[in-house]
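The next block holds one structure in the form of structure tokens; read it before the comments.
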Amino acid sequence: MVFPEYRPRRMRQNETLRSMIRETRLAPEQMMYPLFVLPGKGIREEVSSMPGVFRLSIDQLAKEAKECLALGVRSVILFGLPEKKDALGSGAYAKNGIIQQAIRELKNKVPEMTVATDVCLCEYTDHGHCGCLVGETVDNDATLELLSKTALSHAQAGADMVAPSDMMDGRISEIRAVLDESSYHMVPIMSYAVKYASAFYGPFRDAAECAPQFGDRRSYQMDPANSREALREATLDVEEGADILMVKPALSYLDIISRLHDEFDLPVAAYQVSGEYALIQAAAEKGWIDGPKVMAESLLSIRRAGADIILTYFAKEMAKLLRA
Ligand code: PBG
């Protein structure tokens with residue numbers, strides 16, 4: 001296969017040939033769209049650090065979901081801003097909490113939409129950590145009970161899938177057991193299996209008002225320097241009963257997505273997080289990059305690395321581009 005016998009350019013000379021040998025594709029149904037839900041009525045407010053992303057009150061959800069469906073995006077993942085926060089994050093598992101209401105509204109009005117929920121306490125605790133505290137430490141095992149209560153309350157409200165993002169040890173088996181005991185054995189768990197302590201979550205913490213009030217999340221989220229540890233994390237979640245393994249963030253962790261894809265036979269999801277979105281939007285706004293092209297290339301790269309599913313704030317925009 002040496003030049004001039006093999007000329008790679010032969011198969012690149014027109015779009016028909018290029019598309020014939022294209023190895024990776026992206027379809028709207030592979031993207032999951034994150035939604036931020038807040039209390040009130042008639043609210044649709046843009047997140048300042050995430051242009052194009054809106055925080056919605058419950059009455060605005062059905063319209064948004066219908067728009068997604070019309071574009072072929074068939075799943076959303078919900079994040080909630082509760083009315084009140086407390087030390088134990090009780091708003092996360094309240095029967096009439098913001099997410100529980102949001103799920104019921106969506107499943108009532110737009111039943112075809114697959115509704116996944118983020119299971120975590122950081123949006124609901126007054127200290128902003130992802131679990132309950134002993135002193136200034138997040139108490140792993142005491143948090144498990146609160147997380148499984150949260151997941152169960154989401155299932156009871158009608159959630160189609162739960163996605164624990166807290167990074168406590170042992171949460172997948174605990175949540176699986178509690179769901180199964182209550183006959184929710186058909187509700188899949190998408191585990192944020194490999195979630196790094198990343199600076200790319202900055203804009204999300206504005207959107208969801210969940211920045212830690214002291215310290216940081218490095219005692220529970222993973223060290224960005226580590227890759228073999230990602231395999232240990234994923235192995236645990238497989239053994240504990242996860243249905244989908246997620247890597248988060250995406251673009252700086254393509255090697256991790258690729259390793260998980262090669263090492264495990266479960267579907268792999270990747271979360272293109274708020275900071276990744278904000279970088280592209282900001283540079284595009286300045287006219288420094290071609291926004292839609294960079295968006296498409298970044299999403300395709302995440303697919304090429306091995307992600308089956310991508311959680312992305314670009315889901316609607318990308319689906320529109322795929323249509324055009
Ligand atoms: C909750 C959670 C976070 C994100 C998803 N779930 C924030 C965090 O861990 O600090 C980040 C998503 C994003 O940045 O888009 N624990």
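Residues are named by chain letter and number: chains run A, B, ... in the order of the structure tokens, numbers start at 1 in each chain, and ligands are numbered from 1 in the order shown.
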Residues within 12 Å of Asn140 (chain A), please, as a list in words. Count only C-alpha atoms; anything in the same chain fewer than 2 positions from it doesn't count.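 Answer for this query is His129, Cys130, Gly131, Cys132, Leu133, Val134, Thr137, Val138, Ala142, Thr143, Leu144, Glu145, Leu146, Leu147, Asp166, Met167, Met168, Asp169, Gly170, Arg171, Glu174, Ser219 and Tyr220 of chain A.
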Check every protein, DNA and RNA residue against ligand 1, keep those with an atom at most 8 Å away (counting only C-alpha atoms and all ligand atoms), and present them as a PyMOL selection string. chain A and resi 79+118-123+130+165-166+195+197-198+200-205+210-211+217+221+249+271-275+312-313
Can you list every residue in region 99-319 of chain A that DSSP puts in alpha helix (DSSP H), as an NGL selection string? :A and (99-109 or 140-157 or 171-181 or 202-207 or 228-240 or 254-263 or 274-285 or 291-305 or 315-319)
Give me every strand (DSSP E or B) residue in region 104-207 of chain A, going by DSSP on the backbone, as a VMD selection string. chain A and resid 114 to 119 125 133 to 134 137 to 138 161 to 164 189 to 196
With N, CA, C and O atoms retained, could you export that selection as an mmCIF file, in the first residue's frame?
```
data_model
loop_
_atom_site.group_PDB
_atom_site.id
_atom_site.type_symbol
_atom_site.label_atom_id
_atom_site.label_comp_id
_atom_site.auth_asym_id
_atom_site.auth_seq_id
_atom_site.Cartn_x
_atom_site.Cartn_y
_atom_site.Cartn_z
ATOM 1 N N THR A 114 -38.910 10.308 26.344
ATOM 2 C CA THR A 114 -38.220 9.538 27.378
ATOM 3 C C THR A 114 -37.602 10.516 28.368
ATOM 4 O O THR A 114 -36.805 11.379 27.990
ATOM 5 N N VAL A 115 -38.012 10.382 29.615
ATOM 6 C CA VAL A 115 -37.578 11.328 30.638
ATOM 7 C C VAL A 115 -36.582 10.663 31.592
ATOM 8 O O VAL A 115 -36.932 9.731 32.324
ATOM 9 N N ALA A 116 -35.350 11.122 31.539
ATOM 10 C CA ALA A 116 -34.332 10.669 32.482
ATOM 11 C C ALA A 116 -34.148 11.760 33.528
ATOM 12 O O ALA A 116 -34.462 12.923 33.278
ATOM 13 N N THR A 117 -33.657 11.370 34.695
ATOM 14 C CA THR A 117 -33.435 12.364 35.745
ATOM 15 C C THR A 117 -32.028 12.245 36.296
ATOM 16 O O THR A 117 -31.478 11.148 36.402
ATOM 17 N N ASP A 118 -31.452 13.388 36.622
ATOM 18 C CA ASP A 118 -30.169 13.418 37.303
ATOM 19 C C ASP A 118 -30.453 13.150 38.785
ATOM 20 O O ASP A 118 -31.299 13.809 39.377
ATOM 21 N N VAL A 119 -29.774 12.149 39.335
ATOM 22 C CA VAL A 119 -29.963 11.839 40.753
ATOM 23 C C VAL A 119 -28.737 12.328 41.513
ATOM 24 O O VAL A 119 -27.657 11.758 41.394
ATOM 25 N N THR A 125 -28.903 20.738 48.506
ATOM 26 C CA THR A 125 -28.292 20.959 49.814
ATOM 27 C C THR A 125 -27.873 22.423 49.948
ATOM 28 O O THR A 125 -27.421 23.034 48.979
ATOM 29 N N LEU A 133 -23.362 15.705 55.148
ATOM 30 C CA LEU A 133 -22.034 15.950 55.714
ATOM 31 C C LEU A 133 -21.886 15.411 57.128
ATOM 32 O O LEU A 133 -22.846 15.349 57.891
ATOM 33 N N VAL A 134 -20.649 15.009 57.450
ATOM 34 C CA VAL A 134 -20.225 14.863 58.839
ATOM 35 C C VAL A 134 -19.058 15.819 58.955
ATOM 36 O O VAL A 134 -18.035 15.616 58.305
ATOM 37 N N THR A 137 -16.952 16.667 55.741
ATOM 38 C CA THR A 137 -16.760 15.542 54.827
ATOM 39 C C THR A 137 -18.116 15.011 54.383
ATOM 40 O O THR A 137 -19.051 14.929 55.182
ATOM 41 N N VAL A 138 -18.191 14.633 53.111
ATOM 42 C CA VAL A 138 -19.432 14.019 52.635
ATOM 43 C C VAL A 138 -19.464 12.570 53.112
ATOM 44 O O VAL A 138 -18.547 11.792 52.849
ATOM 45 N N MET A 161 -35.875 6.720 33.279
ATOM 46 C CA MET A 161 -34.483 6.334 33.502
ATOM 47 C C MET A 161 -33.919 7.225 34.607
ATOM 48 O O MET A 161 -34.316 8.389 34.700
ATOM 49 N N VAL A 162 -33.042 6.672 35.444
ATOM 50 C CA VAL A 162 -32.402 7.517 36.455
ATOM 51 C C VAL A 162 -30.890 7.531 36.226
ATOM 52 O O VAL A 162 -30.311 6.539 35.789
ATOM 53 N N ALA A 163 -30.287 8.689 36.514
ATOM 54 C CA ALA A 163 -28.862 8.862 36.232
ATOM 55 C C ALA A 163 -28.147 9.459 37.435
ATOM 56 O O ALA A 163 -28.095 10.678 37.606
ATOM 57 N N PRO A 164 -27.607 8.588 38.307
ATOM 58 C CA PRO A 164 -26.906 9.087 39.487
ATOM 59 C C PRO A 164 -25.578 9.756 39.126
ATOM 60 O O PRO A 164 -24.754 9.181 38.424
ATOM 61 N N ILE A 189 -30.671 2.274 34.842
ATOM 62 C CA ILE A 189 -29.767 3.216 35.519
ATOM 63 C C ILE A 189 -28.638 3.589 34.561
ATOM 64 O O ILE A 189 -27.871 2.733 34.110
ATOM 65 N N MET A 190 -28.590 4.867 34.239
ATOM 66 C CA MET A 190 -27.448 5.386 33.483
ATOM 67 C C MET A 190 -26.489 5.972 34.506
ATOM 68 O O MET A 190 -26.768 7.005 35.110
ATOM 69 N N SER A 191 -25.391 5.283 34.735
ATOM 70 C CA SER A 191 -24.481 5.725 35.784
ATOM 71 C C SER A 191 -23.482 6.739 35.261
ATOM 72 O O SER A 191 -22.848 6.521 34.228
ATOM 73 N N TYR A 192 -23.370 7.876 35.977
ATOM 74 C CA TYR A 192 -22.227 8.747 35.723
ATOM 75 C C TYR A 192 -21.046 7.980 36.332
ATOM 76 O O TYR A 192 -20.603 8.260 37.430
ATOM 77 N N ALA A 193 -20.589 6.958 35.612
ATOM 78 C CA ALA A 193 -19.612 6.024 36.177
ATOM 79 C C ALA A 193 -18.258 6.684 36.353
ATOM 80 O O ALA A 193 -17.568 6.487 37.354
ATOM 81 N N VAL A 194 -17.886 7.464 35.350
ATOM 82 C CA VAL A 194 -16.560 8.098 35.356
ATOM 83 C C VAL A 194 -16.770 9.596 35.235
ATOM 84 O O VAL A 194 -16.875 10.155 34.153
ATOM 85 N N LYS A 195 -16.874 10.227 36.401
ATOM 86 C CA LYS A 195 -17.133 11.660 36.427
ATOM 87 C C LYS A 195 -15.944 12.343 37.090
ATOM 88 O O LYS A 195 -15.607 12.048 38.239
ATOM 89 N N TYR A 196 -15.330 13.216 36.340
ATOM 90 C CA TYR A 196 -14.123 13.878 36.824
ATOM 91 C C TYR A 196 -14.445 15.154 37.595
ATOM 92 O O TYR A 196 -15.464 15.804 37.328
#
```
Which residue out of A:Ala62, A:Ile43, A:Val53, A:Met222 has the minimum interatomic distance to Tyr277 (chain A) when only C-alpha atoms are used?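 Closest residue, counting only C-alpha atoms: A:Val53.
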Identify which of the residues A:Leu245, A:Glu64, A:Arg55, A:Leu38 lies closest to Glu83 (chain A), counting only C-alpha atoms when measuring atom-to-atom distances.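 The shortest atom-to-atom distance to Glu83 (chain A) comes from A:Leu38.
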Identify which of the residues A:Ile175, A:Met31, A:Val37, A:Met186 lies closest to Leu69 (chain A), counting only C-alpha atoms when measuring atom-to-atom distances.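 The closest residue to Leu69 (chain A) is A:Met31.
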Can you list, as JSON, numbers by chain, every protein, DNA or RNA residue that comes within 10 Å of Phe54 (chain A) when you count only C-alpha atoms, leaving out same-chain residues fewer than 5 positions away? {"A": [35, 36, 37, 43, 44, 45, 46, 47, 48, 207]}
Which neighbours of Gly306 (chain A) fall inside 12 Å, counting only C-alpha atoms, when residues of the same chain fewer than 3 positions from it are skipped, and could you give them as a ChimeraX atom specification? /A:23-26,245-247,250-251,253-270,299-303,309-310
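Nearest to Val187 (chain A) of all the residues A:Asp308, A:Glu29, A:Glu297, A:Asp160 is A:Asp160, counting only C-alpha atoms.
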Can you tell me how far CA of Ala282 (chain A) sits from CA of Gly52 (chain A), in Å to one decimal?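 These two atoms are separated by 11.2 Å.
The interatomic distance for the pair CA of His154 (chain A) and CA of Ala102 (chain A) works out to 9.9 Å.
Proximity to Thr235 (chain A) was assessed for A:Ile172, A:Gly40, A:Ala65, A:Met318 counting only C-alpha atoms; the smallest distance is recorded for A:Ile172.
The smallest atom-to-atom distance between Leu106 (chain A) and any of A:Glu240, A:Glu229, A:Asp59, A:Glu5, using only C-alpha atoms, is found for A:Asp59.
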Between CA of Ser153 (chain A) and CA of Ser182 (chain A), what is the spacing in Å?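 It comes out at 10.7 Å.
Near Ala319 (chain A), within 9 Å and counting only C-alpha atoms, sit Ala27, Pro28, Glu29, Met31, Cys68, Leu71, Gly72, Val73, Phe314 and Ala324 of chain A; same-chain residues fewer than 5 positions away were not included.
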Kindly save the residues from that selection, with N, CA and C atoms included, as a compact mmCIF listing (two decimals), in the first residue's frame.
```txt
# COMPACT_ATOMS: atom_id res chain seq x y z
N ALA A 27 -27.02 10.66 14.91
CA ALA A 27 -28.45 10.79 14.66
C ALA A 27 -29.10 11.49 15.84
N PRO A 28 -30.21 12.20 15.59
CA PRO A 28 -30.87 12.95 16.67
C PRO A 28 -31.24 12.08 17.87
N GLU A 29 -31.63 10.83 17.62
CA GLU A 29 -32.07 10.00 18.75
C GLU A 29 -30.91 9.55 19.64
N MET A 31 -28.90 11.72 20.89
CA MET A 31 -28.61 12.86 21.77
C MET A 31 -29.70 13.02 22.82
N CYS A 68 -38.44 19.23 20.81
CA CYS A 68 -37.38 18.22 20.72
C CYS A 68 -37.84 17.04 19.87
N LEU A 71 -37.88 17.40 16.25
CA LEU A 71 -36.54 17.38 15.66
C LEU A 71 -35.90 15.99 15.71
N GLY A 72 -36.59 15.04 16.33
CA GLY A 72 -36.05 13.68 16.43
C GLY A 72 -35.28 13.42 17.72
N VAL A 73 -35.20 14.42 18.60
CA VAL A 73 -34.54 14.22 19.90
C VAL A 73 -35.59 13.65 20.84
N PHE A 314 -26.39 21.04 22.85
CA PHE A 314 -26.52 21.31 21.41
C PHE A 314 -27.55 20.39 20.75
N ALA A 324 -31.05 19.78 7.87
CA ALA A 324 -30.84 20.73 6.74
C ALA A 324 -30.02 20.10 5.62
```
